[in-house]
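Q: I have a structure I would like to understand better, so I am pasting it below and will then ask my questions one at a time.
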Amino acid sequence: MSAAEPLEFDLVVLGGGSGGLAGAFRAAAHGARVALLEPAELGGTCVNAGCVPKKAMWLAAQLASQIGAAAELGFDVPAAPAFDWCEFITDRQRYIEGIHESYRRRLDQAGIVWLPRRGVLHDARTVVADDGTRLHARHVLIATGSHPVRPQVPGAELGGVSDDFFAWRRAPERVALIGGGYISVELAGLLQSLGSRVDLYARGPRLLSRSDGEVVAQLEENYRQLGIGLHFGYRLREVERGGDGRVRLVDADGEAGEAFDALVFAIGRRANTAGIGLERAGVATDARGDIEVDAFQNTSAAGVYAVGDVAGRETLTPVAIAAARRLMDRVFGGREDARLDYDLVPTVVFAHPPIGGVGLTEAQARERHGDSVRVYRTKFRPMLQALVDTPLCSLFKLVCVGEEQRVVGVHLFGEAADEILQGFAVALKLGATLADLHDTVAIHPTSAEELVLMG
C-alpha cells in the first residue's frame with residue numbers, strides 16, 4: 001500500500017474523551033469498522049483533569065469535614081489531623097490509570113483501531129494523522145473537547161487554570177479563584193476544607209448564574225460561614241507579583257488586594273476546534289468557535305457529526321456520552337429518530353455540600369408560566385450539622401405549575417443532593433405532580449424525605 005492510499009473505515013472519531021469513546025464503542029457494537037485518534041491520555045478532560053480527579057479531591061475534603069465533626073461528637077481525633085496530599089494523589093492516579101487500562105482493553109476487545117495521534121480533517125471524508133497516516137470513512141465524529149481559558153489581562157500568566165490544579169502537591173495557604181461558575185465553586189469548597197484560605201472573585205452579582213437564585217443564596221451563606229471570601233462585581237485589571245513571590249490582584253480602579261500564594265482562573269472553557277481542518281471539510285462554527293449542530297448532532301457537512309464540548313450545548317460528560325450513543329444508534333443501528341432529548345438534564349455542582357437541579361428554576365418558571373407557578377421550599381439543618389450544632393443549612397425547593405401542580409423544577413442544596421437528585425430527575429421525566437410526591441412514603445430520618453413532605 002502506498003502512503004497516499006488511505007485506510008478505510010466506516011467511522012473515524014477525532015477525540016478519545018467521554019463522547020468520542022462512547023461513540024466509538026457504540027458504533028463498533030453495531031458492526032462498524034472504527035478508528036479513533038487521541039494523542040493524549042484516553043478519557044479526555046473528565047477522567048484526567050475534570051470529573052474523576054475532582055470528585056476524588058472532593059471526597060478527601062468531605063472526609064476532612066467529617067473528621068472535624070467526629071471530634072465534636074466525642075471521637076478522640078487529633079486537634080489538627082495531617083493530610084498527606086501526595087499520598088492521596090498517588091491513590092487518585094492509581095484509580096485513574098485503572099480507567100485508562102479499562103479503555104485500552106475495551107478498544108482492543110471491540111476491534112477499534114486506536115491511533116495515539118492528533119488528527120485533522122483533510123475533507124469531509126478524510127482524516128490525516130500527524131504522522132501522515134490517512135484514514136477514509138463514510139462518517140466522521142468530532143469529539144475533541146474543550147480547554148480552560150485565561151483572561152486577556154497583564155500578568156495572567158502568573159495564574160493557573162483548573163487543569164493546573166490537578167498537578168498541585170500541597171494546599172497553598174492563600175488561594176484566589178477568579179470566576180463565579182461551577183469550577184470556582186467546587187475548588188473553593190474543597191480547598192477550604194483541605195486547609196487553604198480561599199477568596200473567590202466573580203464578575204457577576206452572584207455565583208452559578210444558571211442555578212436557582214434562592215438555592216444559590218443559601219450556598220453563598222454557607223460558604224461565608226465556612227470562611228470563604230466572596231467578592232462580587234469584581235473587575236480584574238491585572239495581576240502582579242510581589243517581592244515575596246506571591247501574587248496580587250489589581251482591580252479596575254487600580255487598587256491592589258491581598259497577597260496570594262496561588263491564583264486559579266476559572267472563567268470558562270473554549271471548544272478545541274482550531275486547527276483541525278473544519279474549514280476544509282465545510283463544517284461551520286459559531287462566534288465562540290463551537291461547532292454548529294442540529295438536534296441530531298449533524299454538522300453543516302454531510303456525514304460529519306459533533307458531540308460534547310465542541311458542540312457547545314450542555315457541556316457535561318453524561319450528555320456527551322448519551323448524545324454519542326444515540327447518534328451511533330441512528331447512523332449504524334437503524335434507529336432513524338434516535339437523538340438526545342436535551343430537556344430536563346439534571347446537573348450537580350460538587351460544592352460543600354453539593355448543589356443540584358433539574359428542570360426550570362423559579363425565575364424561568366414564572367417567566368414561562370406566570371401566575372400558575374407554585375413554589376415549595378424547606379430550609380433545615382441535616383442531622384449531622386444539628387448534632388455538631390453548626391449554622392450550616394440545607395435548602396430544598398420544588399417548582400410546580402398548573403392546577404395539577406406538575407413538578408417542573410427540583411433544586412437541592414445539601415448533603416447527598418447529588419445522589420438524591422437522580423431519582424427525582426426520572427420523576428420529572430415521567431411528569432410527576434406534587435400529589436405523586438405526597439403519595440410516596442417518606443424515608444425517615446433522611447434529607448430526601450423533605451421532598452415528599454413539602455406542600
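Residues are referred to by chain and number: the chain letter is A, B, ... according to the order shown in the C-alpha cells, the number counts from 1 in that chain, and ligands are numbered separately from 1 in the order shown.
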Hey, could you make a per-residue contact list for segment 191-294 of chain A against segment 314-329 of chain A with 12 Å as the cut-off, showing the nearest pair of atoms and its distance in Å to one decimal, counting only C-alpha atoms, sorted by chain and number, as JSON lines?
A:
```
{"residue": "A:Arg210", "atom": "CA", "partner": "A:Glu314", "partner_atom": "CA", "distance": 11.6}
{"residue": "A:Gly268", "atom": "CA", "partner": "A:Thr315", "partner_atom": "CA", "distance": 11.3}
{"residue": "A:Arg269", "atom": "CA", "partner": "A:Thr315", "partner_atom": "CA", "distance": 9.8}
{"residue": "A:Arg270", "atom": "CA", "partner": "A:Thr315", "partner_atom": "CA", "distance": 10.7}
{"residue": "A:Ala271", "atom": "CA", "partner": "A:Thr315", "partner_atom": "CA", "distance": 10.1}
{"residue": "A:Asp290", "atom": "CA", "partner": "A:Thr315", "partner_atom": "CA", "distance": 11.1}
{"residue": "A:Val293", "atom": "CA", "partner": "A:Ala323", "partner_atom": "CA", "distance": 11.7}
{"residue": "A:Asp294", "atom": "CA", "partner": "A:Leu327", "partner_atom": "CA", "distance": 11.6}
```
Q: For the interface of segment 169-274 of chain A with segment 398-412 of chain A (cut-off 9 Å, counting only C-alpha atoms), please tabulate each contacting residue of segment 169-274 of chain A alongside its nearest pair of atoms and their separation in Å to one decimal, rows sorted by chain and increasing number, as a tab-separated table.
A:
```
residue	atom	partner	partner_atom	distance
A:Ser211	CA	A:His411	CA	8.2
A:Asp212	CA	A:His411	CA	6.9
A:Val215	CA	A:Leu412	CA	7.0
```
Q: For Thr144 of chain A, list every protein, DNA or RNA residue within 8 Å, evaluated using only C-alpha atoms, and leave out those in the same chain fewer than 4 positions away; present the list as a count of residues only.
A: 10
Q: Point out the residue among A:Glu419, A:Asp341, A:Asp84, A:Glu450 with the least atom-to-atom distance to His438 of chain A, counting only C-alpha atoms.
A: A:Glu450
Q: Go through segment 251-304 of chain A and flag each residue having an atom no more than 9 Å from segment 99-122 of chain A; for those, report the closest pair of atoms plus their distance in Å to one decimal, using only C-alpha atoms, ordered by chain and rising number, as a tab-separated table.
A:
```
residue	atom	partner	partner_atom	distance
A:Gly275	CA	A:Val120	CA	7.4
A:Ile276	CA	A:Val120	CA	4.4
A:Gly277	CA	A:Leu121	CA	4.6
A:Leu278	CA	A:Leu121	CA	6.5
A:Glu279	CA	A:Leu121	CA	8.8
A:Arg280	CA	A:His122	CA	6.3
A:Ala281	CA	A:Leu121	CA	6.4
```
Q: Would you list the contacts of segment 229-240 of chain A as JSON, numbers by chain, taking every protein, DNA or RNA residue within 9 Å and counting only C-alpha atoms, but skipping same-chain residues closer than 4 positions in sequence?
A: {"A": [151, 152, 153, 154, 155, 156, 157, 158, 159, 178, 180, 197, 198, 199, 200, 201, 202, 203, 204, 205, 206, 207, 220, 223, 224, 246, 247, 248, 249, 250, 251, 252, 253, 254, 256]}
Q: Those selected residues, please, written with C-alpha atoms and delivered as a compact mmCIF listing (two decimals), in the first residue's frame.
A:
```txt
# COMPACT_ATOMS: atom_id res chain seq x y z
CA PRO A 151 -8.32 36.43 30.72
CA GLN A 152 -6.58 38.90 28.43
CA VAL A 153 -5.02 40.98 31.21
CA PRO A 154 -1.39 41.80 32.05
CA GLY A 155 0.13 39.21 34.33
CA ALA A 156 -2.42 36.50 33.55
CA GLU A 157 0.46 34.06 33.11
CA LEU A 158 1.08 34.31 36.86
CA GLY A 159 -2.11 32.35 37.49
CA ILE A 178 -11.36 34.10 39.55
CA GLY A 180 -18.28 32.56 39.62
CA ARG A 197 -7.87 30.13 52.97
CA VAL A 198 -9.88 30.90 49.86
CA ASP A 199 -11.21 34.07 48.26
CA LEU A 200 -13.47 33.87 45.21
CA TYR A 201 -13.84 36.81 42.81
CA ALA A 202 -16.79 36.90 40.38
CA ARG A 203 -17.75 39.47 37.74
CA GLY A 204 -21.45 38.97 38.32
CA PRO A 205 -23.67 39.66 41.33
CA ARG A 206 -23.86 36.01 42.43
CA LEU A 207 -22.47 32.51 41.96
CA GLU A 220 -23.24 31.64 49.43
CA TYR A 223 -19.58 29.44 52.17
CA ARG A 224 -19.29 32.64 54.19
CA ARG A 246 3.17 35.97 45.95
CA VAL A 247 0.63 37.43 43.56
CA ARG A 248 -1.77 40.33 43.97
CA LEU A 249 -4.90 41.16 42.04
CA VAL A 250 -5.32 44.69 40.77
CA ASP A 251 -8.92 45.74 40.16
CA ALA A 252 -10.38 48.11 37.56
CA ASP A 253 -9.73 51.10 39.85
CA GLY A 254 -6.07 50.21 40.14
CA ALA A 256 -4.09 46.03 44.62
```
Q: From a DSSP calculation on the backbone, collect every residue of segment 304-377 of chain A in strand (DSSP E or B) and output the set as a VMD selection string.
A: chain A and resid 304 to 306 347 to 349 355 to 359 373 to 377
Q: For the atom pair atom CA of Arg169 of chain A and atom CA of Ala82 of chain A, what is the interatomic distance in Å to one decimal place?
A: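 Distance between the two atoms: 14.1 Å.
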Q: Measuring atom to atom with only C-alpha atoms, identify which of A:Gly132, A:Pro354, A:Gly308, A:Gly289 is nearest to Leu59 of chain A.
A: A:Pro354
Q: Compile the contact shell of segment 355-360 of chain A as JSON, numbers by chain: residues with an atom at most 10 Å away, counting only C-alpha atoms, same-chain residues fewer than 4 positions apart removed.
A: {"A": [182, 208, 210, 211, 212, 215, 216, 218, 219, 343, 344, 345, 346, 347, 348, 349, 350, 351, 364, 365, 366, 368, 394, 395, 396, 397, 398, 399, 400, 407, 408, 409, 410, 411, 412, 413, 414, 415, 416, 417, 418, 419, 420, 421, 422, 424, 425, 426, 428, 429]}
Q: Could you please determine the separation between atom CA of Ser65 of chain A and atom CA of Pro382 of chain A in Å, to one decimal place?
A: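 About the pair atom CA of Ser65 of chain A and atom CA of Pro382 of chain A: they are 14.2 Å apart.
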Q: Going by DSSP on the backbone, which bits of segment 172-417 of chain A are alpha helix (DSSP H)? Write them as an MDAnalysis selection string, please.
A: chainID A and resid 182:193 213:225 278:281 317:331 362:369 383:387 417
Q: Name the residues in contact with Asp439 of chain A at a cut-off of 8 Å, using only C-alpha atoms, excluding same-chain residues fewer than 3 positions from it; report them as an mmCIF file with N, CA and C atoms, in the first residue's frame.
A:
```cif
data_model
loop_
_atom_site.group_PDB
_atom_site.id
_atom_site.type_symbol
_atom_site.label_atom_id
_atom_site.label_comp_id
_atom_site.auth_asym_id
_atom_site.auth_seq_id
_atom_site.Cartn_x
_atom_site.Cartn_y
_atom_site.Cartn_z
ATOM 1 N N ALA A 435 -48.885 15.825 44.042
ATOM 2 C CA ALA A 435 -49.674 14.744 44.654
ATOM 3 C C ALA A 435 -48.940 13.413 44.588
ATOM 4 N N ASP A 436 -48.223 13.177 43.481
ATOM 5 C CA ASP A 436 -47.438 11.941 43.376
ATOM 6 C C ASP A 436 -46.368 11.886 44.463
ATOM 7 N N VAL A 452 -40.750 14.828 49.675
ATOM 8 C CA VAL A 452 -42.095 14.251 49.586
ATOM 9 C C VAL A 452 -43.007 14.750 50.708
#
```
Q: In Å, with one decimal, what is the gap from atom CA of Pro39 of chain A to atom CA of Val13 of chain A?
A: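 Atom CA of Pro39 of chain A sits 12.2 Å away from atom CA of Val13 of chain A.
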